[in-house]
$ cat run15.txt   # compact mmCIF, C-alpha atoms and all ligand atoms
# COMPACT_ATOMS: atom_id res chain seq x y z
CA MET A 1 6.84 25.92 1.70
CA GLN A 2 8.29 25.81 5.24
CA GLN A 3 9.76 29.28 4.80
CA VAL A 4 6.34 30.75 3.99
CA VAL A 5 4.78 29.13 7.05
CA LEU A 6 7.49 30.50 9.32
CA LEU A 7 6.89 33.97 7.89
CA VAL A 8 3.24 33.84 8.93
CA VAL A 9 4.22 32.95 12.49
CA ALA A 10 6.90 35.64 12.63
CA GLN A 11 4.56 38.36 11.40
CA ARG A 12 1.90 37.59 13.99
CA ALA A 13 4.30 37.13 16.87
CA PRO A 14 5.48 40.69 17.65
CA ALA A 15 1.95 41.99 18.02
CA HIS A 16 1.51 39.77 21.05
CA SER A 17 4.76 38.93 22.76
CA GLY A 18 7.96 39.00 20.75
CA SER A 19 8.60 35.38 19.82
CA PRO A 20 6.48 32.54 18.55
CA ARG A 21 7.36 30.46 21.63
CA GLU A 22 5.83 33.09 23.93
CA LEU A 23 2.54 33.54 22.08
CA PRO A 24 -0.51 33.60 24.35
CA ASP A 25 -2.40 30.30 24.20
CA LEU A 26 -5.46 32.15 22.86
CA HIS A 27 -3.74 32.87 19.55
CA ARG A 28 -2.13 29.51 19.00
CA PRO A 29 -5.22 27.86 17.49
CA VAL A 30 -5.60 30.82 15.09
CA LEU A 31 -1.98 30.54 14.00
CA LEU A 32 -2.21 26.78 13.74
CA HIS A 33 -5.31 27.11 11.60
CA LEU A 34 -3.65 29.73 9.38
CA THR A 35 -0.57 27.57 9.06
CA LEU A 36 -2.47 24.40 8.21
CA THR A 37 -4.68 26.23 5.72
CA LEU A 38 -1.63 27.66 4.00
CA VAL A 39 0.08 24.27 3.96
CA SER A 40 -2.96 22.56 2.43
CA VAL A 41 -3.42 25.32 -0.16
CA LEU A 42 0.23 25.00 -1.15
CA ASN A 43 -0.04 21.20 -1.17
CA VAL A 44 -3.03 21.28 -3.52
CA ALA A 45 -1.18 23.72 -5.77
CA ALA A 46 1.91 21.51 -5.70
CA MET A 47 -0.16 18.37 -6.40
CA SER A 48 -1.86 19.81 -9.44
CA GLU A 49 1.45 21.08 -10.79
CA ASP A 50 3.58 18.06 -9.94
CA SER A 51 1.41 14.99 -10.43
CA THR A 52 -0.82 15.51 -13.44
CA THR A 53 1.04 17.97 -15.61
CA ASP A 54 4.61 19.05 -16.12
CA ALA A 55 5.96 22.59 -16.06
CA ALA A 56 4.62 23.20 -19.60
CA ASN A 57 1.18 22.04 -18.42
CA VAL A 58 1.28 18.86 -20.51
CA THR A 59 -0.65 15.87 -19.13
CA ARG A 60 1.56 13.18 -17.64
CA THR A 61 1.24 9.62 -18.95
CA ALA A 62 1.43 6.29 -17.11
CA LEU A 63 1.74 2.65 -18.20
CA VAL A 64 0.27 0.13 -15.75
CA THR A 65 0.66 -3.59 -16.43
CA GLY A 66 -2.04 -6.00 -15.25
CA GLY A 67 -4.61 -3.19 -15.11
CA GLY A 68 -7.57 -5.48 -15.76
CA SER A 69 -8.01 -6.60 -12.15
CA GLY A 70 -7.01 -6.29 -8.52
CA ILE A 71 -4.20 -3.96 -7.56
CA GLY A 72 -3.44 -2.89 -11.14
CA ARG A 73 -7.04 -1.84 -11.71
CA ALA A 74 -7.05 0.25 -8.51
CA VAL A 75 -3.70 1.83 -9.44
CA ALA A 76 -4.99 2.76 -12.92
CA VAL A 77 -8.16 4.31 -11.52
CA THR A 78 -6.25 6.24 -8.85
CA LEU A 79 -3.70 7.64 -11.33
CA ALA A 80 -6.47 8.61 -13.78
CA GLN A 81 -8.42 10.27 -10.95
CA ARG A 82 -5.28 12.29 -10.25
CA GLY A 83 -5.39 13.50 -13.86
CA LEU A 84 -2.83 11.27 -15.59
CA ASP A 85 -3.40 9.69 -18.98
CA VAL A 86 -3.16 5.96 -18.19
CA LEU A 87 -2.54 3.02 -20.53
CA ILE A 88 -3.29 -0.38 -18.97
CA VAL A 89 -2.11 -3.66 -20.46
CA GLY A 90 -2.96 -7.32 -19.91
CA ARG A 91 -4.00 -10.39 -21.86
CA ARG A 92 -7.82 -10.22 -21.39
CA PRO A 93 -9.47 -7.46 -23.42
CA GLN A 94 -12.76 -7.67 -21.51
CA ALA A 95 -11.07 -7.21 -18.14
CA LEU A 96 -9.12 -4.22 -19.47
CA ALA A 97 -12.26 -2.69 -20.99
CA ALA A 98 -14.08 -3.08 -17.67
CA THR A 99 -11.33 -1.08 -15.94
CA ALA A 100 -11.40 1.60 -18.64
CA GLU A 101 -15.15 2.01 -18.09
CA LEU A 102 -14.61 2.82 -14.42
CA GLN A 103 -12.77 6.08 -14.97
CA ALA A 104 -12.15 8.57 -17.78
CA GLY A 105 -8.52 8.85 -18.85
CA ILE A 106 -7.79 5.12 -19.05
CA ARG A 107 -6.84 3.55 -22.41
CA TYR A 108 -6.00 -0.12 -22.86
CA HIS A 109 -3.83 -2.35 -25.00
CA VAL A 110 -3.84 -6.16 -25.11
CA GLY A 111 -0.47 -7.85 -24.63
CA ASP A 112 1.62 -10.30 -22.64
CA VAL A 113 4.51 -8.93 -20.55
CA SER A 114 6.44 -12.17 -21.06
CA GLU A 115 6.57 -11.52 -24.83
CA PRO A 116 9.35 -9.09 -25.83
CA ALA A 117 7.53 -8.13 -29.05
CA ASP A 118 4.39 -7.26 -27.05
CA ILE A 119 6.46 -5.07 -24.74
CA VAL A 120 7.63 -2.94 -27.65
CA GLU A 121 4.00 -2.45 -28.69
CA MET A 122 2.88 -1.65 -25.12
CA VAL A 123 5.40 1.15 -24.77
CA ALA A 124 4.53 2.44 -28.25
CA ALA A 125 0.83 2.55 -27.29
CA ALA A 126 1.55 4.20 -23.93
CA THR A 127 3.70 6.89 -25.54
CA GLU A 128 1.19 7.78 -28.27
CA PRO A 129 0.61 11.15 -26.54
CA GLY A 130 4.36 11.74 -26.97
CA ARG A 131 5.67 11.00 -23.50
CA LEU A 132 5.83 8.57 -20.59
CA ASP A 133 6.20 9.66 -16.97
CA VAL A 134 5.31 6.60 -14.92
CA LEU A 135 5.79 2.84 -15.37
CA VAL A 136 4.00 0.58 -12.89
CA ASN A 137 5.21 -3.02 -13.17
CA ASN A 138 2.23 -4.68 -11.54
CA ALA A 139 1.45 -7.78 -13.64
CA GLY A 140 2.57 -10.84 -11.74
CA VAL A 141 1.86 -14.49 -11.11
CA GLY A 142 2.42 -16.87 -8.25
CA ILE A 143 2.55 -20.57 -8.95
CA PRO A 144 2.87 -22.33 -5.57
CA GLY A 145 4.93 -25.46 -5.13
CA PRO A 146 7.29 -26.85 -2.48
CA LEU A 147 10.78 -28.05 -3.34
CA GLY A 148 10.37 -31.35 -5.11
CA LYS A 149 7.32 -30.13 -7.02
CA ILE A 150 8.71 -27.10 -8.83
CA GLU A 151 7.99 -27.55 -12.53
CA PRO A 152 10.68 -26.02 -14.78
CA ALA A 153 8.08 -24.62 -17.19
CA ALA A 154 6.10 -22.95 -14.36
CA ALA A 155 9.29 -21.57 -12.80
CA LYS A 156 10.46 -20.13 -16.12
CA ARG A 157 7.04 -18.57 -16.72
CA THR A 158 6.99 -16.96 -13.25
CA TRP A 159 10.45 -15.53 -13.90
CA ALA A 160 9.43 -14.28 -17.35
CA ILE A 161 6.38 -12.42 -16.00
CA ASN A 162 7.63 -11.26 -12.59
CA VAL A 163 11.26 -10.38 -13.37
CA LEU A 164 12.21 -10.35 -17.04
CA GLY A 165 8.99 -8.62 -18.16
CA PRO A 166 9.44 -5.66 -15.79
CA THR A 167 13.11 -5.46 -16.85
CA LEU A 168 12.35 -5.33 -20.57
CA LEU A 169 9.49 -2.88 -19.98
CA ALA A 170 11.73 -0.57 -17.97
CA GLN A 171 14.40 -0.83 -20.66
CA GLN A 172 11.96 -0.07 -23.48
CA ALA A 173 10.45 2.82 -21.52
CA LEU A 174 13.81 4.21 -20.42
CA PRO A 175 14.35 6.85 -23.13
CA PHE A 176 10.92 8.33 -22.33
CA LEU A 177 11.45 8.20 -18.57
CA LEU A 178 14.84 9.88 -18.94
CA GLU A 179 13.23 12.64 -20.95
CA SER A 180 10.36 13.18 -18.49
CA ARG A 181 12.53 12.52 -15.39
CA GLY A 182 9.82 10.05 -14.52
CA ALA A 183 9.35 7.18 -12.09
CA ILE A 184 9.09 3.39 -11.98
CA VAL A 185 7.03 1.64 -9.31
CA ASN A 186 7.44 -2.15 -9.07
CA ILE A 187 4.86 -4.28 -7.28
CA SER A 188 6.66 -6.78 -5.07
CA SER A 189 5.11 -8.77 -2.19
CA THR A 190 5.61 -9.40 1.51
CA PHE A 191 6.95 -12.76 0.31
CA GLY A 192 9.87 -10.98 -1.34
CA ALA A 193 11.30 -10.78 2.20
CA LYS A 194 9.19 -13.20 4.27
CA PRO A 195 9.88 -16.91 3.78
CA ALA A 196 6.82 -19.11 3.33
CA PRO A 197 6.50 -22.83 2.61
CA GLY A 198 5.41 -23.49 -0.97
CA LEU A 199 6.17 -19.90 -2.07
CA SER A 200 9.95 -20.15 -2.44
CA TRP A 201 9.99 -19.50 -6.17
CA TYR A 202 7.34 -16.75 -6.09
CA GLY A 203 9.25 -15.12 -3.21
CA ALA A 204 12.53 -15.45 -5.07
CA THR A 205 11.13 -13.60 -8.11
CA LYS A 206 9.82 -10.80 -5.86
CA ALA A 207 13.17 -10.60 -4.03
CA ALA A 208 14.79 -10.25 -7.45
CA LEU A 209 12.37 -7.45 -8.35
CA GLU A 210 13.26 -5.64 -5.13
CA GLN A 211 16.96 -5.89 -5.90
CA LEU A 212 16.37 -4.61 -9.42
CA THR A 213 14.49 -1.71 -7.83
CA ARG A 214 17.46 -0.71 -5.67
CA SER A 215 20.03 -1.13 -8.44
CA TRP A 216 18.00 0.81 -11.01
CA ALA A 217 17.39 3.53 -8.43
CA LEU A 218 21.15 4.05 -8.14
CA GLU A 219 21.69 3.89 -11.90
CA LEU A 220 18.93 6.37 -12.70
CA ALA A 221 19.13 8.82 -9.78
CA PRO A 222 21.71 10.99 -11.58
CA HIS A 223 19.13 11.41 -14.36
CA GLY A 224 16.30 12.37 -11.99
CA VAL A 225 14.40 9.10 -12.56
CA ARG A 226 13.14 7.47 -9.35
CA VAL A 227 12.60 3.75 -8.87
CA ASN A 228 10.65 2.33 -5.92
CA ALA A 229 8.61 -0.73 -5.03
CA VAL A 230 5.70 -1.53 -2.79
CA ALA A 231 5.42 -4.90 -1.07
CA PRO A 232 1.75 -5.62 -0.43
CA GLY A 233 0.57 -8.13 2.12
CA PRO A 234 -2.47 -10.31 1.38
CA VAL A 235 -4.89 -8.23 -0.71
CA GLU A 236 -8.35 -9.12 -2.07
CA SER A 237 -7.92 -9.78 -5.81
CA GLU A 238 -8.10 -12.57 -8.35
CA ALA A 239 -4.63 -13.81 -7.37
CA LEU A 240 -5.64 -16.76 -5.16
CA ASP A 241 -8.32 -17.90 -7.64
CA ARG A 242 -5.68 -17.94 -10.37
CA MET A 243 -3.41 -20.25 -8.39
CA GLY A 244 -5.70 -23.18 -9.18
CA LEU A 245 -6.55 -23.83 -5.52
CA ALA A 246 -9.84 -25.36 -4.36
CA ARG A 247 -12.43 -22.90 -2.92
CA ALA A 248 -12.14 -24.43 0.58
CA GLU A 249 -8.36 -24.07 0.45
CA ILE A 250 -8.66 -20.41 -0.60
CA GLU A 251 -11.06 -19.65 2.28
CA HIS A 252 -8.70 -21.41 4.71
CA ILE A 253 -5.73 -19.33 3.47
CA LYS A 254 -7.74 -16.10 3.74
CA ALA A 255 -8.88 -16.87 7.30
CA ASP A 256 -5.33 -17.82 8.31
CA GLU A 257 -3.91 -14.60 6.83
CA ARG A 258 -6.59 -12.50 8.56
CA ASP A 259 -5.62 -14.07 11.88
CA ARG A 260 -1.92 -13.36 11.33
CA ILE A 261 -2.14 -9.77 10.07
CA PRO A 262 -1.52 -7.47 13.06
CA LEU A 263 -4.02 -4.87 11.79
CA GLY A 264 -6.67 -7.59 11.63
CA ARG A 265 -7.82 -7.59 8.01
CA ARG A 266 -6.70 -8.47 4.50
CA GLY A 267 -5.93 -5.49 2.32
CA ARG A 268 -8.02 -3.86 -0.37
CA PRO A 269 -6.48 -2.93 -3.73
CA GLU A 270 -7.09 0.74 -2.88
CA ASP A 271 -4.88 0.41 0.22
CA VAL A 272 -1.97 -0.26 -2.12
CA ALA A 273 -2.98 2.00 -5.02
CA SER A 274 -2.74 5.27 -3.12
CA TRP A 275 0.88 4.50 -2.12
CA VAL A 276 1.79 3.57 -5.68
CA ALA A 277 0.31 6.85 -6.92
CA ASP A 278 2.18 8.82 -4.25
CA LEU A 279 5.47 7.19 -5.28
CA ALA A 280 4.71 8.05 -8.90
CA VAL A 281 4.45 11.78 -8.13
CA PRO A 282 7.55 13.23 -9.75
CA ALA A 283 8.44 15.79 -7.11
CA SER A 284 8.94 13.14 -4.44
CA TRP A 285 12.39 12.76 -2.79
CA VAL A 286 12.15 8.97 -2.44
CA THR A 287 14.07 6.41 -4.45
CA GLY A 288 15.31 2.83 -4.07
CA GLN A 289 12.74 1.99 -1.39
CA VAL A 290 10.53 -1.06 -0.90
CA ILE A 291 7.53 0.06 1.11
CA GLY A 292 5.53 -2.62 2.92
CA ILE A 293 1.77 -2.08 2.60
CA ASP A 294 0.76 -5.11 4.60
CA GLY A 295 -1.08 -4.38 7.84
CA GLY A 296 2.13 -5.39 9.63
CA TYR A 297 2.16 -8.87 8.05
CA LEU A 298 5.93 -8.89 7.49
CA LEU A 299 6.48 -8.59 11.24
CA ALA A 300 4.06 -11.33 12.26
N1 LIG B 401 -3.22 -9.98 -4.00
C1 LIG B 401 -2.23 -10.15 -3.17
O1 LIG B 401 -2.43 -10.66 -2.07
C2 LIG B 401 -0.84 -9.70 -3.52
C3 LIG B 401 0.08 -9.56 -2.47
C4 LIG B 401 1.36 -9.15 -2.77
C5 LIG B 401 1.71 -8.85 -4.07
N2 LIG B 401 0.80 -8.99 -5.06
C6 LIG B 401 1.25 -8.66 -6.42
O2 LIG B 401 0.40 -7.67 -6.93
C7 LIG B 401 0.39 -7.75 -8.34
C8 LIG B 401 -1.05 -7.73 -8.84
O3 LIG B 401 -1.69 -8.89 -8.39
P1 LIG B 401 -3.23 -8.92 -7.94
O4 LIG B 401 -3.24 -9.37 -6.54
O5 LIG B 401 -3.92 -7.67 -8.28
O6 LIG B 401 -3.73 -10.18 -8.78
P2 LIG B 401 -4.60 -10.31 -10.10
O7 LIG B 401 -5.95 -9.74 -9.86
O8 LIG B 401 -4.46 -11.73 -10.49
O9 LIG B 401 -3.85 -9.37 -11.13
C9 LIG B 401 -2.75 -9.75 -11.90
C10 LIG B 401 -2.86 -9.02 -13.22
O10 LIG B 401 -1.70 -9.27 -13.99
C11 LIG B 401 -2.09 -9.55 -15.31
N3 LIG B 401 -1.14 -10.45 -15.90
C12 LIG B 401 -0.75 -11.67 -15.44
N4 LIG B 401 0.12 -12.22 -16.29
C13 LIG B 401 0.29 -11.34 -17.29
C14 LIG B 401 1.06 -11.33 -18.47
N5 LIG B 401 1.84 -12.38 -18.79
N6 LIG B 401 1.00 -10.25 -19.29
C15 LIG B 401 0.21 -9.21 -18.99
N7 LIG B 401 -0.54 -9.15 -17.89
C16 LIG B 401 -0.50 -10.21 -17.05
C17 LIG B 401 -3.47 -10.19 -15.22
O11 LIG B 401 -4.24 -9.92 -16.38
P3 LIG B 401 -4.44 -10.97 -17.59
O12 LIG B 401 -4.65 -12.30 -16.98
O13 LIG B 401 -5.63 -10.45 -18.32
O14 LIG B 401 -3.19 -10.90 -18.41
C18 LIG B 401 -4.07 -9.48 -14.02
O15 LIG B 401 -4.84 -8.37 -14.40
C19 LIG B 401 1.16 -9.02 -8.70
O16 LIG B 401 2.47 -8.67 -9.10
C20 LIG B 401 1.19 -9.79 -7.41
O17 LIG B 401 2.31 -10.64 -7.32
C21 LIG B 401 -0.47 -9.40 -4.81
$ encode --input "run15.txt" --output "structure tokens"
Amino acid sequence: MQQVVLLVVAQRAPAHSGSPRELPDLHRPVLLHLTLTLVSVLNVAAMSEDSTTDAANVTRTALVTGGGSGIGRAVAVTLAQRGLDVLIVGRRPQALAATAELQAGIRYHVGDVSEPADIVEMVAAATEPGRLDVLVNNAGVGIPGPLGKIEPAAAKRTWAINVLGPTLLAQQALPFLLESRGAIVNISSTFGAKPAPGLSWYGATKAALEQLTRSWALELAPHGVRVNAVAPGPVESEALDRMGLARAEIEHIKADERDRIPLGRRGRPEDVASWVADLAVPASWVTGQVIGIDGGYLLA
């Protein structure tokens, strides 16, 4: 693409002065406009070729876990809007159906990512069209508790959903991703890197997911499969309600987070979804990265 843009500049240049550097100011806006137009035309062409269909013009397919609410719902809608066939999974059929009603191109399947047998069925449902290009490991839970109050059952469940589930999903999906030279996007959290009282175990599972991301990226790069993660800061979703906290406590946490986030607001699921979709685009030259989508929260 850069070569074509340079050609445009070179062709216009001699008519005026001999080199692009010496162009009269009058013509620079015209050239800039031409250049930007060409870049955006080529970008649109590249997007439609690279993100929704493969070289044989076959629709790409994505599996998004936890697509019935919050970030997963926004990711599913964004990918479907970009033309992918999207299968969402989760345990609540009504929540999944509500997401599917928002946007054409979204199918759903009920299952639990902590159940290995369900994972086999999820990947089978996702690959019904015959392929899988994108796996988004979004389903996650956070059960808060300071040291001294960490329940073994809750800790095991958090591990099973946040770490082992994504691992078994990636493993089950691997043959399809190898074939499509696809991508995995894992949803981590600011707390994968930022210590916080009461969130040690949640943070530890997200840190593990980030390390899996980097290791898998190295393992799969030779096969053209990319693995990345995003680490969202505080985002409006059902997550806090699910932690079993009192309403007043939730409002206090939200106000405190708003005050600490350098960009001055909590995130929206869409803030995260567009980055996930960009990382899922197969032509991208990014792998093994954990991208903070957090309004600067990690730094504060
Ligand atoms: N919101 C935030 O502030 C924030 C910040 C950083 C990272 N994150 C991460 O973002 C991801 C999405 O969270 P969210 O904020 O969008 O919260 P959410 O609205 O509670 O979404 C979590 C989703 O995961 C699904 N899920 C949970 N356990 C599951 C299981 N065992 N099997 C299948 N699906 C399961 C839930 O659906 P069912 O209950 O129907 O199964 C739900 O749709 C999580 O990994 C979370 O750790 C969130």
$ residues_near_ligand --input "run15.txt" --ligand "ligand LIG 401 (chain B)" --cutoff "6 Å" --atoms "only C-alpha atoms and all ligand atoms" --output "number ranges by chain"
A: 65-72, 90-92, 111-114, 138-141, 161, 187-189, 232-239
$ atom_distance --input "run15.txt" --atom1 "atom CA of A:Asn162" --atom2 "atom CA of A:Ala204"
9.9 Å
$ atom_distance --input "run15.txt" --atom1 "atom CA of A:Val86" --atom2 "atom CA of A:Gly105"
6.1 Å
$ atom_distance --input "run15.txt" --atom1 "atom CA of A:Val134" --atom2 "atom CA of A:Gly295"
26.1 Å
$ residues_around --input "run15.txt" --residues "A:Gly264" --least-positions-apart "2" --cutoff "12 Å" --atoms "all atoms listed in the file" --output "list in words"
Gly233, Pro234, Lys254, Ala255, Asp256, Glu257, Arg258, Asp259, Arg260, Ile261, Pro262, Arg266, Gly267, Asp294, Gly295, Gly296, Tyr297 and Ala300 of chain A
$ closest_residue --input "run15.txt" --among "A:Pro282, A:Gly203, A:Pro195, A:Pro129" --to "A:Val227" --atoms "all atoms listed in the file"
A:Pro282
$ residues_around --input "run15.txt" --residues "A:Glu210" --least-positions-apart "4" --cutoff "9 Å" --atoms "all atoms listed in the file" --output "number ranges by chain"
A: 186-188, 192, 205-206, 214-215, 228-231, 288-290
$ axis_aligned_box --input "run15.txt" --around "stretch 159-167 of chain A" --padding-each-side "8 Å" --output "AutoDock Vina command-line options"
--center_x 9.7 --center_y -10.5 --center_z -15.4 --size_x 22.7 --size_y 26.1 --size_z 21.6
